[in-house]
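Everything below belongs to structure08.cif, which stores mmCIF, C-alpha atoms.
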```
data_work
loop_
_atom_site.group_PDB
_atom_site.id
_atom_site.type_symbol
_atom_site.label_atom_id
_atom_site.label_comp_id
_atom_site.auth_asym_id
_atom_site.auth_seq_id
_atom_site.Cartn_x
_atom_site.Cartn_y
_atom_site.Cartn_z
ATOM 1 C CA LYS A 153 -7.584 0.325 9.737
ATOM 2 C CA ASP A 154 -10.775 2.166 8.821
ATOM 3 C CA ASP A 155 -8.797 5.360 8.085
ATOM 4 C CA VAL A 156 -6.403 3.475 5.831
ATOM 5 C CA ALA A 157 -9.281 1.738 4.051
ATOM 6 C CA THR A 158 -11.159 5.050 3.680
ATOM 7 C CA GLN A 159 -8.059 6.789 2.352
ATOM 8 C CA ALA A 160 -7.358 3.934 -0.032
ATOM 9 C CA GLU A 161 -10.977 3.949 -1.196
ATOM 10 C CA SER A 162 -11.026 7.743 -1.722
ATOM 11 C CA LEU A 163 -7.720 7.583 -3.583
ATOM 12 C CA LEU A 164 -9.132 4.790 -5.753
ATOM 13 C CA VAL A 165 -12.245 6.868 -6.533
ATOM 14 C CA GLU A 166 -10.072 9.898 -7.354
ATOM 15 C CA VAL A 167 -7.849 7.825 -9.632
ATOM 16 C CA GLN A 168 -10.915 6.340 -11.354
ATOM 17 C CA VAL A 169 -12.384 9.825 -11.925
ATOM 18 C CA ARG A 170 -9.095 11.039 -13.366
ATOM 19 C CA LEU A 171 -8.807 7.912 -15.475
ATOM 20 C CA GLU A 172 -12.293 8.404 -16.861
ATOM 21 C CA ALA A 173 -11.553 12.069 -17.684
ATOM 22 C CA GLU A 174 -8.313 11.077 -19.394
ATOM 23 C CA MET A 175 -10.112 8.370 -21.367
ATOM 24 C CA ASN A 176 -12.771 10.894 -22.487
ATOM 25 C CA ARG A 177 -10.079 13.352 -23.580
ATOM 26 C CA ARG A 178 -8.303 10.580 -25.401
ATOM 27 C CA ALA A 179 -11.495 9.512 -27.184
ATOM 28 C CA GLU A 180 -12.114 13.106 -28.293
ATOM 29 C CA SER A 181 -8.542 13.385 -29.439
ATOM 30 C CA ASP A 182 -8.831 10.104 -31.384
ATOM 31 C CA SER A 183 -12.053 11.300 -33.030
ATOM 32 C CA LYS A 184 -10.445 14.582 -34.082
ATOM 33 C CA ALA A 185 -7.399 12.735 -35.369
ATOM 34 C CA ARG A 186 -9.587 10.396 -37.467
ATOM 35 C CA LYS A 187 -11.517 13.316 -38.923
ATOM 36 C CA LEU A 188 -8.301 15.144 -39.680
ATOM 37 C CA LEU A 189 -6.841 12.016 -41.268
ATOM 38 C CA GLU A 190 -9.943 11.615 -43.432
ATOM 39 C CA THR A 191 -9.800 15.275 -44.450
ATOM 40 C CA MET A 192 -6.084 14.979 -45.100
ATOM 41 C CA LYS A 193 -6.695 11.834 -47.178
ATOM 42 C CA ALA A 194 -9.299 13.688 -49.220
ATOM 43 C CA TYR A 195 -6.888 16.544 -49.796
ATOM 44 C CA GLU A 196 -4.095 14.143 -50.659
ATOM 45 C CA GLU A 197 -6.360 12.463 -53.227
ATOM 46 C CA ARG A 198 -7.218 15.828 -54.678
ATOM 47 C CA LEU A 199 -3.532 16.691 -54.761
ATOM 48 C CA GLU A 200 -2.794 13.469 -56.655
ATOM 49 C CA SER A 201 -5.464 14.241 -59.192
ATOM 50 C CA TYR A 202 -4.004 17.704 -59.687
ATOM 51 C CA GLU A 203 -0.555 16.234 -60.123
ATOM 52 C CA LYS A 204 -1.891 13.966 -62.891
ATOM 53 C CA MET A 205 -3.469 16.937 -64.527
ATOM 54 C CA GLU A 206 -0.147 18.783 -64.665
ATOM 55 C CA ASP A 207 0.923 16.683 -67.673
ATOM 56 C CA GLU A 208 -2.346 17.472 -69.401
ATOM 57 C CA LEU A 209 -2.212 21.129 -68.401
ATOM 58 C CA GLU A 210 0.870 21.715 -70.517
ATOM 59 C CA ALA A 211 -1.453 21.658 -73.516
ATOM 60 C CA ALA A 212 -3.920 24.001 -71.820
ATOM 61 C CA GLN A 213 -1.750 26.861 -70.550
ATOM 62 C CA ALA A 214 -4.718 29.083 -69.816
ATOM 63 C CA ASN A 215 -5.658 26.902 -66.832
ATOM 64 C CA LEU A 216 -2.030 26.461 -65.693
ATOM 65 C CA VAL A 217 -1.953 29.469 -63.366
ATOM 66 C CA THR A 218 -5.128 28.543 -61.509
ATOM 67 C CA THR A 219 -4.104 24.886 -61.187
ATOM 68 C CA VAL A 220 -0.672 25.751 -59.772
ATOM 69 C CA SER A 221 -2.280 28.206 -57.370
ATOM 70 C CA GLU A 222 -4.776 25.594 -56.145
ATOM 71 C CA LYS A 223 -2.045 23.024 -55.815
ATOM 72 C CA SER A 224 0.003 25.393 -53.611
ATOM 73 C CA LYS A 225 -3.028 26.078 -51.448
ATOM 74 C CA LEU A 226 -3.661 22.371 -51.017
ATOM 75 C CA GLU A 227 -0.033 21.723 -50.103
ATOM 76 C CA LEU A 228 -0.186 24.460 -47.482
ATOM 77 C CA GLU A 229 -3.398 23.060 -46.069
ATOM 78 C CA ILE A 230 -1.961 19.538 -46.037
ATOM 79 C CA ALA A 231 1.105 20.853 -44.206
ATOM 80 C CA LYS A 232 -1.197 22.503 -41.671
ATOM 81 C CA LEU A 233 -3.211 19.310 -41.301
ATOM 82 C CA ARG A 234 -0.023 17.332 -40.811
ATOM 83 C CA GLU A 235 1.045 19.771 -38.096
ATOM 84 C CA VAL A 236 -2.362 19.382 -36.457
ATOM 85 C CA ARG A 237 -2.092 15.606 -36.757
ATOM 86 C CA ASP A 238 1.434 15.634 -35.289
ATOM 87 C CA GLU A 239 0.247 17.825 -32.432
ATOM 88 C CA SER A 240 -2.680 15.472 -31.887
ATOM 89 C CA GLU A 241 -0.326 12.469 -31.799
ATOM 90 C CA ARG A 242 1.914 14.266 -29.284
ATOM 91 C CA LYS A 243 -1.100 15.004 -27.084
ATOM 92 C CA GLU A 244 -2.220 11.401 -27.389
ATOM 93 C CA ALA A 245 1.236 10.209 -26.311
ATOM 94 C CA VAL A 246 1.170 12.577 -23.318
ATOM 95 C CA LEU A 247 -2.317 11.397 -22.358
ATOM 96 C CA SER A 248 -1.262 7.780 -22.754
ATOM 97 C CA ASN A 249 1.729 8.387 -20.476
ATOM 98 C CA ARG A 250 -0.501 10.044 -17.890
ATOM 99 C CA LEU A 251 -2.911 7.150 -18.069
ATOM 100 C CA ASN A 252 -0.081 4.641 -17.581
ATOM 101 C CA GLU A 253 1.257 6.633 -14.621
ATOM 102 C CA ALA A 254 -2.216 6.754 -13.085
ATOM 103 C CA LYS A 255 -2.551 2.987 -13.534
ATOM 104 C CA LYS A 256 0.848 2.433 -11.898
ATOM 105 C CA LYS A 257 -0.082 4.681 -8.976
ATOM 106 C CA GLU A 258 -3.385 2.866 -8.562
ATOM 107 C CA ALA A 259 -1.629 -0.510 -8.630
ATOM 108 C CA ASN A 260 0.966 0.688 -6.090
ATOM 109 C CA LYS A 261 -1.728 2.039 -3.795
ATOM 110 C CA SER A 262 -3.705 -1.155 -4.121
ATOM 111 C CA ASN A 263 -0.594 -3.236 -3.331
ATOM 112 C CA THR A 264 0.246 -1.007 -0.363
ATOM 113 C CA ALA A 265 -3.304 -1.209 0.965
ATOM 114 C CA GLY A 266 -3.265 -5.004 0.659
ATOM 115 C CA ARG A 267 0.118 -5.270 2.342
ATOM 116 C CA LEU A 268 -0.989 -2.963 5.175
ATOM 117 C CA GLU A 269 -4.151 -5.012 5.613
ATOM 118 C CA LEU A 270 -2.092 -8.202 5.926
ATOM 119 C CA ASP A 271 0.299 -6.498 8.367
ATOM 120 C CA ASN A 272 -2.674 -5.282 10.388
ATOM 121 C CA GLU A 273 -4.182 -8.776 10.558
ATOM 122 C CA GLU A 274 -0.835 -10.237 11.565
ATOM 123 C CA LEU A 275 -0.429 -7.610 14.312
ATOM 124 C CA ARG A 276 -3.926 -8.342 15.598
ATOM 125 C CA ALA A 277 -3.166 -12.061 15.729
ATOM 126 C CA ASN A 278 0.075 -11.303 17.608
ATOM 127 C CA LEU A 279 -1.840 -9.048 20.007
ATOM 128 C CA GLU A 280 -4.407 -11.754 20.697
ATOM 129 C CA SER A 281 -1.746 -14.397 21.332
ATOM 130 C CA THR A 282 0.180 -11.971 23.575
ATOM 131 C CA LYS A 283 -2.999 -11.199 25.550
ATOM 132 C CA ALA A 284 -3.700 -14.915 25.981
ATOM 133 C CA GLU A 285 -0.106 -15.503 27.056
ATOM 134 C CA LEU A 286 -0.301 -12.579 29.509
ATOM 135 C CA GLU A 287 -3.537 -13.926 30.977
ATOM 136 C CA SER A 288 -2.133 -17.447 31.429
ATOM 137 C CA THR A 289 1.077 -16.002 32.912
ATOM 138 C CA SER A 290 -0.959 -13.846 35.315
ATOM 139 C CA LYS A 291 -2.987 -16.891 36.426
ATOM 140 C CA ALA A 292 0.184 -18.921 36.916
ATOM 141 C CA LYS A 293 1.733 -16.062 38.905
ATOM 142 C CA ALA A 294 -1.329 -15.777 41.165
ATOM 143 C CA LYS A 295 -1.326 -19.539 41.705
ATOM 144 C CA LEU A 296 2.419 -19.497 42.433
ATOM 145 C CA GLU A 297 2.006 -16.599 44.881
ATOM 146 C CA GLY A 298 -0.765 -18.523 46.689
ATOM 147 C CA THR A 299 1.438 -21.613 46.884
ATOM 148 C CA MET A 300 4.367 -19.504 48.130
ATOM 149 C CA GLU A 301 2.176 -17.961 50.815
ATOM 150 C CA LYS A 302 1.074 -21.415 52.028
ATOM 151 C CA LEU A 303 4.688 -22.633 52.028
ATOM 152 C CA LYS A 304 5.780 -19.531 53.930
ATOM 153 C CA THR A 305 3.082 -20.099 56.549
ATOM 154 C CA LYS A 306 4.116 -23.773 56.905
ATOM 155 C CA ALA A 307 7.780 -22.780 57.119
ATOM 156 C CA VAL A 308 7.043 -20.203 59.833
ATOM 157 C CA GLU A 309 5.055 -22.836 61.780
ATOM 158 C CA ARG A 310 7.880 -25.365 61.439
ATOM 159 C CA VAL A 311 10.458 -22.799 62.577
ATOM 160 C CA LYS A 312 8.293 -22.024 65.620
ATOM 161 C CA GLN A 313 7.932 -25.752 66.327
ATOM 162 C CA ALA A 314 11.682 -26.225 65.934
ATOM 163 C CA GLU A 315 12.371 -23.276 68.266
ATOM 164 C CA THR A 316 9.910 -24.650 70.820
ATOM 165 C CA ALA A 317 11.466 -28.110 70.568
ATOM 166 C CA LEU A 318 14.944 -26.578 70.871
ATOM 167 C CA LYS A 319 13.866 -24.621 73.941
ATOM 168 C CA GLU A 320 12.344 -27.733 75.508
ATOM 169 C CA GLU A 321 15.498 -29.690 74.648
ATOM 170 C CA ARG A 322 17.666 -27.023 76.337
ATOM 171 C CA GLU A 323 15.446 -27.019 79.409
ATOM 172 C CA LEU A 324 15.616 -30.799 79.510
ATOM 173 C CA ASN A 325 19.391 -30.638 79.152
ATOM 174 C CA GLU A 326 19.591 -28.096 81.982
ATOM 175 C CA GLU A 327 17.505 -30.356 84.185
ATOM 176 C CA ARG A 328 19.730 -33.306 83.367
ATOM 177 C CA LYS A 329 22.820 -31.255 84.145
ATOM 178 C CA LYS A 330 21.359 -30.297 87.505
ATOM 179 C CA LYS A 331 20.413 -33.900 88.252
ATOM 180 C CA MET A 332 23.872 -35.062 87.209
ATOM 181 C CA LYS A 333 25.449 -32.415 89.356
ATOM 182 C CA VAL A 334 23.313 -33.471 92.291
ATOM 183 C CA PHE A 335 24.066 -37.097 91.548
ATOM 184 C CA VAL A 336 27.789 -36.431 91.288
ATOM 185 C CA GLU A 337 27.804 -34.448 94.517
ATOM 186 C CA THR A 338 26.066 -37.151 96.448
#
```

Please go through the file and, once you have read it, give me the structure as structure tokens.
Amino acid sequence: KDDVATQAESLLVEVQVRLEAEMNRRAESDSKARKLLETMKAYEERLESYEKMEDELEAAQANLVTTVSEKSKLELEIAKLREVRDESERKEAVLSNRLNEAKKKEANKSNTAGRLELDNEELRANLESTKAELESTSKAKAKLEGTMEKLKTKAVERVKQAETALKEERELNEERKKKMKVFVET
């Protein structure tokens, strides 16, 4: 019982440590994702402002080349940020799955430990009742053996008495036969 409880407790501690590490990683990942989303939002706002300027830039062709170049750079950076965000979301999903699996394992181990504890208590109760039954049966057996011994002794005495009485009866019968024989002959 103690081994099972110790194992269950150490497994619970291990699962809690892993859970805490996963939660820390997830928090860091969430923080990075928020920062990236804010940065991406800022870039998207800048991109929108540049897109509005495109209509105005037709009049000012001197600035057209630099604006188009900056717009391309921003689009590339946004694409990179989106890739980073997508990767971050994938990692978050993986971490979430791991966390759910760890929770399921912990719940299963907890259920198993509880069930084993109940089984153990039930077996102990059965053992106690069996011991009590064995003790009462042993006492009854000893009492019965004592009674049987007394009955055997009485039976042996009665058989001896019956044999003695039978012997006396035969001797008496022999005497009677002799007396009858003597009586008949006279």

task = On this file, the PyMOL selection byres ((chain A and resi 157-169) around 10) gives some set of residues; write that set as a list in words.
result =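 What the PyMOL selection byres ((chain A and resi 157-169) around 10) grabs from the file is Lys153, Asp154, Asp155, Val156, Arg170, Leu171, Glu172, Ala173, Glu174, Met175, Leu251, Ala254, Lys255, Lys257, Glu258, Ala259, Lys261, Ser262, Thr264, Ala265, Gly266, Leu268 and Glu269 of chain A.
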
Write the selection just made, keeping C-alpha atoms, as a PDB file, in the coordinates of the input?
```
ATOM      1  CA  LYS A 153      -7.584   0.325   9.737  1.00  0.00           C
ATOM      2  CA  ASP A 154     -10.775   2.166   8.821  1.00  0.00           C
ATOM      3  CA  ASP A 155      -8.797   5.360   8.085  1.00  0.00           C
ATOM      4  CA  VAL A 156      -6.403   3.475   5.831  1.00  0.00           C
ATOM      5  CA  ARG A 170      -9.095  11.039 -13.366  1.00  0.00           C
ATOM      6  CA  LEU A 171      -8.807   7.912 -15.475  1.00  0.00           C
ATOM      7  CA  GLU A 172     -12.293   8.404 -16.861  1.00  0.00           C
ATOM      8  CA  ALA A 173     -11.553  12.069 -17.684  1.00  0.00           C
ATOM      9  CA  GLU A 174      -8.313  11.077 -19.394  1.00  0.00           C
ATOM     10  CA  MET A 175     -10.112   8.370 -21.367  1.00  0.00           C
ATOM     11  CA  LEU A 251      -2.911   7.150 -18.069  1.00  0.00           C
ATOM     12  CA  ALA A 254      -2.216   6.754 -13.085  1.00  0.00           C
ATOM     13  CA  LYS A 255      -2.551   2.987 -13.534  1.00  0.00           C
ATOM     14  CA  LYS A 257      -0.082   4.681  -8.976  1.00  0.00           C
ATOM     15  CA  GLU A 258      -3.385   2.866  -8.562  1.00  0.00           C
ATOM     16  CA  ALA A 259      -1.629  -0.510  -8.630  1.00  0.00           C
ATOM     17  CA  LYS A 261      -1.728   2.039  -3.795  1.00  0.00           C
ATOM     18  CA  SER A 262      -3.705  -1.155  -4.121  1.00  0.00           C
ATOM     19  CA  THR A 264       0.246  -1.007  -0.363  1.00  0.00           C
ATOM     20  CA  ALA A 265      -3.304  -1.209   0.965  1.00  0.00           C
ATOM     21  CA  GLY A 266      -3.265  -5.004   0.659  1.00  0.00           C
ATOM     22  CA  LEU A 268      -0.989  -2.963   5.175  1.00  0.00           C
ATOM     23  CA  GLU A 269      -4.151  -5.012   5.613  1.00  0.00           C
TER      24      GLU A 269
END
```

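The interatomic distance for the pair CA of Ala185 (chain A) and CA of Arg237 (chain A) works out to 6.2 Å.
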
Could you write out as lines of an AutoDock Vina configuration file the box around region 241-245 of chain A (axis-aligned, all atoms listed in the file, 5 Å on each side), with centre and edge lengths in Å to one decimal?
```
center_x = -0.2
center_y = 12.6
center_z = -29.1
size_x = 14.1
size_y = 14.8
size_z = 15.5
```

request  = Pull the neighbourhood of (-9.7, 9.9, -26.0) for me: all residues within 12 Å in file coordinates, counting only C-alpha atoms, as a list in words.
outcome  = Leu171, Glu172, Ala173, Glu174, Met175, Asn176, Arg177, Arg178, Ala179, Glu180, Ser181, Asp182, Ser183, Lys184, Ala185, Arg186, Ser240, Glu241, Lys243, Glu244, Ala245, Val246, Leu247, Ser248 and Leu251 of chain A

task = State, in Å with one decimal place, the distance from CA of Arg198 (chain A) to CA of Leu228 (chain A).
result =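 Calculated distance between CA of Arg198 (chain A) and CA of Leu228 (chain A) is 13.3 Å.
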
message = I'd like the interatomic distance between CA of Glu239 (chain A) and CA of Ser221 (chain A), to a tenth of an Å.
response =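 A separation of 27.1 Å between them.
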
ask   = Near region 232-234 of chain A, within 9 Å and counting all atoms listed in the file, which residues show up once chain neighbours fewer than 3 positions away are dropped, as JSON, numbers by chain?
value = {"A": [188, 189, 191, 192, 227, 228, 229, 237, 238, 239]}

task = Would you please work out which residue, of A:Glu301, A:Arg276, A:Leu296, A:Lys223, is nearest to Glu200 (chain A) when using all atoms listed in the file?
result =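 With all atoms listed in the file as the atom set, the closest residue is A:Lys223.
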
Could you model N, CA and C atoms for region 215-251 of chain A and present them as a compact mmCIF listing (two decimals), in the frame of the given file?
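Output saved as rebuild.txt:
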```
# COMPACT_ATOMS: atom_id res chain seq x y z
N ASN A 215 -5.27 27.39 -68.16
CA ASN A 215 -5.66 26.90 -66.83
C ASN A 215 -4.45 26.64 -65.92
N LEU A 216 -3.24 26.78 -66.43
CA LEU A 216 -2.03 26.46 -65.69
C LEU A 216 -1.90 27.29 -64.42
N VAL A 217 -2.15 28.58 -64.51
CA VAL A 217 -1.95 29.47 -63.37
C VAL A 217 -2.90 29.09 -62.23
N THR A 218 -4.17 28.88 -62.57
CA THR A 218 -5.13 28.54 -61.51
C THR A 218 -4.83 27.18 -60.88
N THR A 219 -4.40 26.22 -61.72
CA THR A 219 -4.10 24.89 -61.19
C THR A 219 -2.91 24.92 -60.24
N VAL A 220 -1.87 25.64 -60.61
CA VAL A 220 -0.67 25.75 -59.77
C VAL A 220 -1.03 26.44 -58.46
N SER A 221 -1.86 27.48 -58.57
CA SER A 221 -2.28 28.21 -57.37
C SER A 221 -3.06 27.29 -56.43
N GLU A 222 -3.98 26.50 -56.98
CA GLU A 222 -4.78 25.59 -56.14
C GLU A 222 -3.91 24.51 -55.53
N LYS A 223 -2.96 24.05 -56.34
CA LYS A 223 -2.04 23.02 -55.82
C LYS A 223 -1.26 23.57 -54.63
N SER A 224 -0.76 24.78 -54.71
CA SER A 224 0.00 25.39 -53.61
C SER A 224 -0.86 25.53 -52.36
N LYS A 225 -2.12 25.95 -52.60
CA LYS A 225 -3.03 26.08 -51.45
C LYS A 225 -3.24 24.72 -50.77
N LEU A 226 -3.45 23.70 -51.58
CA LEU A 226 -3.66 22.37 -51.02
C LEU A 226 -2.43 21.89 -50.26
N GLU A 227 -1.26 22.14 -50.80
CA GLU A 227 -0.03 21.72 -50.10
C GLU A 227 0.11 22.44 -48.76
N LEU A 228 -0.24 23.72 -48.75
CA LEU A 228 -0.19 24.46 -47.48
C LEU A 228 -1.19 23.88 -46.47
N GLU A 229 -2.38 23.61 -46.97
CA GLU A 229 -3.40 23.06 -46.07
C GLU A 229 -3.01 21.67 -45.56
N ILE A 230 -2.43 20.86 -46.45
CA ILE A 230 -1.96 19.54 -46.04
C ILE A 230 -0.86 19.67 -44.99
N ALA A 231 0.04 20.63 -45.19
CA ALA A 231 1.10 20.85 -44.21
C ALA A 231 0.49 21.24 -42.86
N LYS A 232 -0.53 22.11 -42.92
CA LYS A 232 -1.20 22.50 -41.67
C LYS A 232 -1.87 21.29 -41.02
N LEU A 233 -2.54 20.50 -41.84
CA LEU A 233 -3.21 19.31 -41.30
C LEU A 233 -2.20 18.32 -40.70
N ARG A 234 -1.06 18.21 -41.36
CA ARG A 234 -0.02 17.33 -40.81
C ARG A 234 0.49 17.86 -39.47
N GLU A 235 0.63 19.17 -39.38
CA GLU A 235 1.04 19.77 -38.10
C GLU A 235 0.00 19.48 -37.02
N VAL A 236 -1.28 19.65 -37.41
CA VAL A 236 -2.36 19.38 -36.46
C VAL A 236 -2.35 17.91 -36.05
N ARG A 237 -2.15 17.04 -37.05
CA ARG A 237 -2.09 15.61 -36.76
C ARG A 237 -0.92 15.28 -35.84
N ASP A 238 0.26 15.87 -36.14
CA ASP A 238 1.43 15.63 -35.29
C ASP A 238 1.19 16.12 -33.86
N GLU A 239 0.56 17.29 -33.76
CA GLU A 239 0.25 17.82 -32.43
C GLU A 239 -0.73 16.89 -31.71
N SER A 240 -1.70 16.40 -32.46
CA SER A 240 -2.68 15.47 -31.89
C SER A 240 -1.99 14.19 -31.41
N GLU A 241 -1.06 13.68 -32.20
CA GLU A 241 -0.33 12.47 -31.80
C GLU A 241 0.52 12.73 -30.56
N ARG A 242 1.12 13.93 -30.49
CA ARG A 242 1.91 14.27 -29.28
C ARG A 242 1.01 14.31 -28.05
N LYS A 243 -0.16 14.94 -28.21
CA LYS A 243 -1.10 15.00 -27.08
C LYS A 243 -1.56 13.60 -26.67
N GLU A 244 -1.80 12.78 -27.67
CA GLU A 244 -2.22 11.40 -27.39
C GLU A 244 -1.14 10.65 -26.62
N ALA A 245 0.13 10.86 -27.02
CA ALA A 245 1.24 10.21 -26.31
C ALA A 245 1.32 10.70 -24.87
N VAL A 246 1.14 12.02 -24.68
CA VAL A 246 1.17 12.58 -23.32
C VAL A 246 0.03 12.00 -22.48
N LEU A 247 -1.16 11.95 -23.09
CA LEU A 247 -2.32 11.40 -22.36
C LEU A 247 -2.12 9.91 -22.04
N SER A 248 -1.53 9.20 -22.98
CA SER A 248 -1.26 7.78 -22.75
C SER A 248 -0.27 7.60 -21.61
N ASN A 249 0.75 8.45 -21.58
CA ASN A 249 1.73 8.39 -20.48
C ASN A 249 1.06 8.69 -19.14
N ARG A 250 0.20 9.71 -19.14
CA ARG A 250 -0.50 10.04 -17.89
C ARG A 250 -1.38 8.88 -17.43
N LEU A 251 -2.05 8.29 -18.40
CA LEU A 251 -2.91 7.15 -18.07
C LEU A 251 -2.09 6.00 -17.49
```
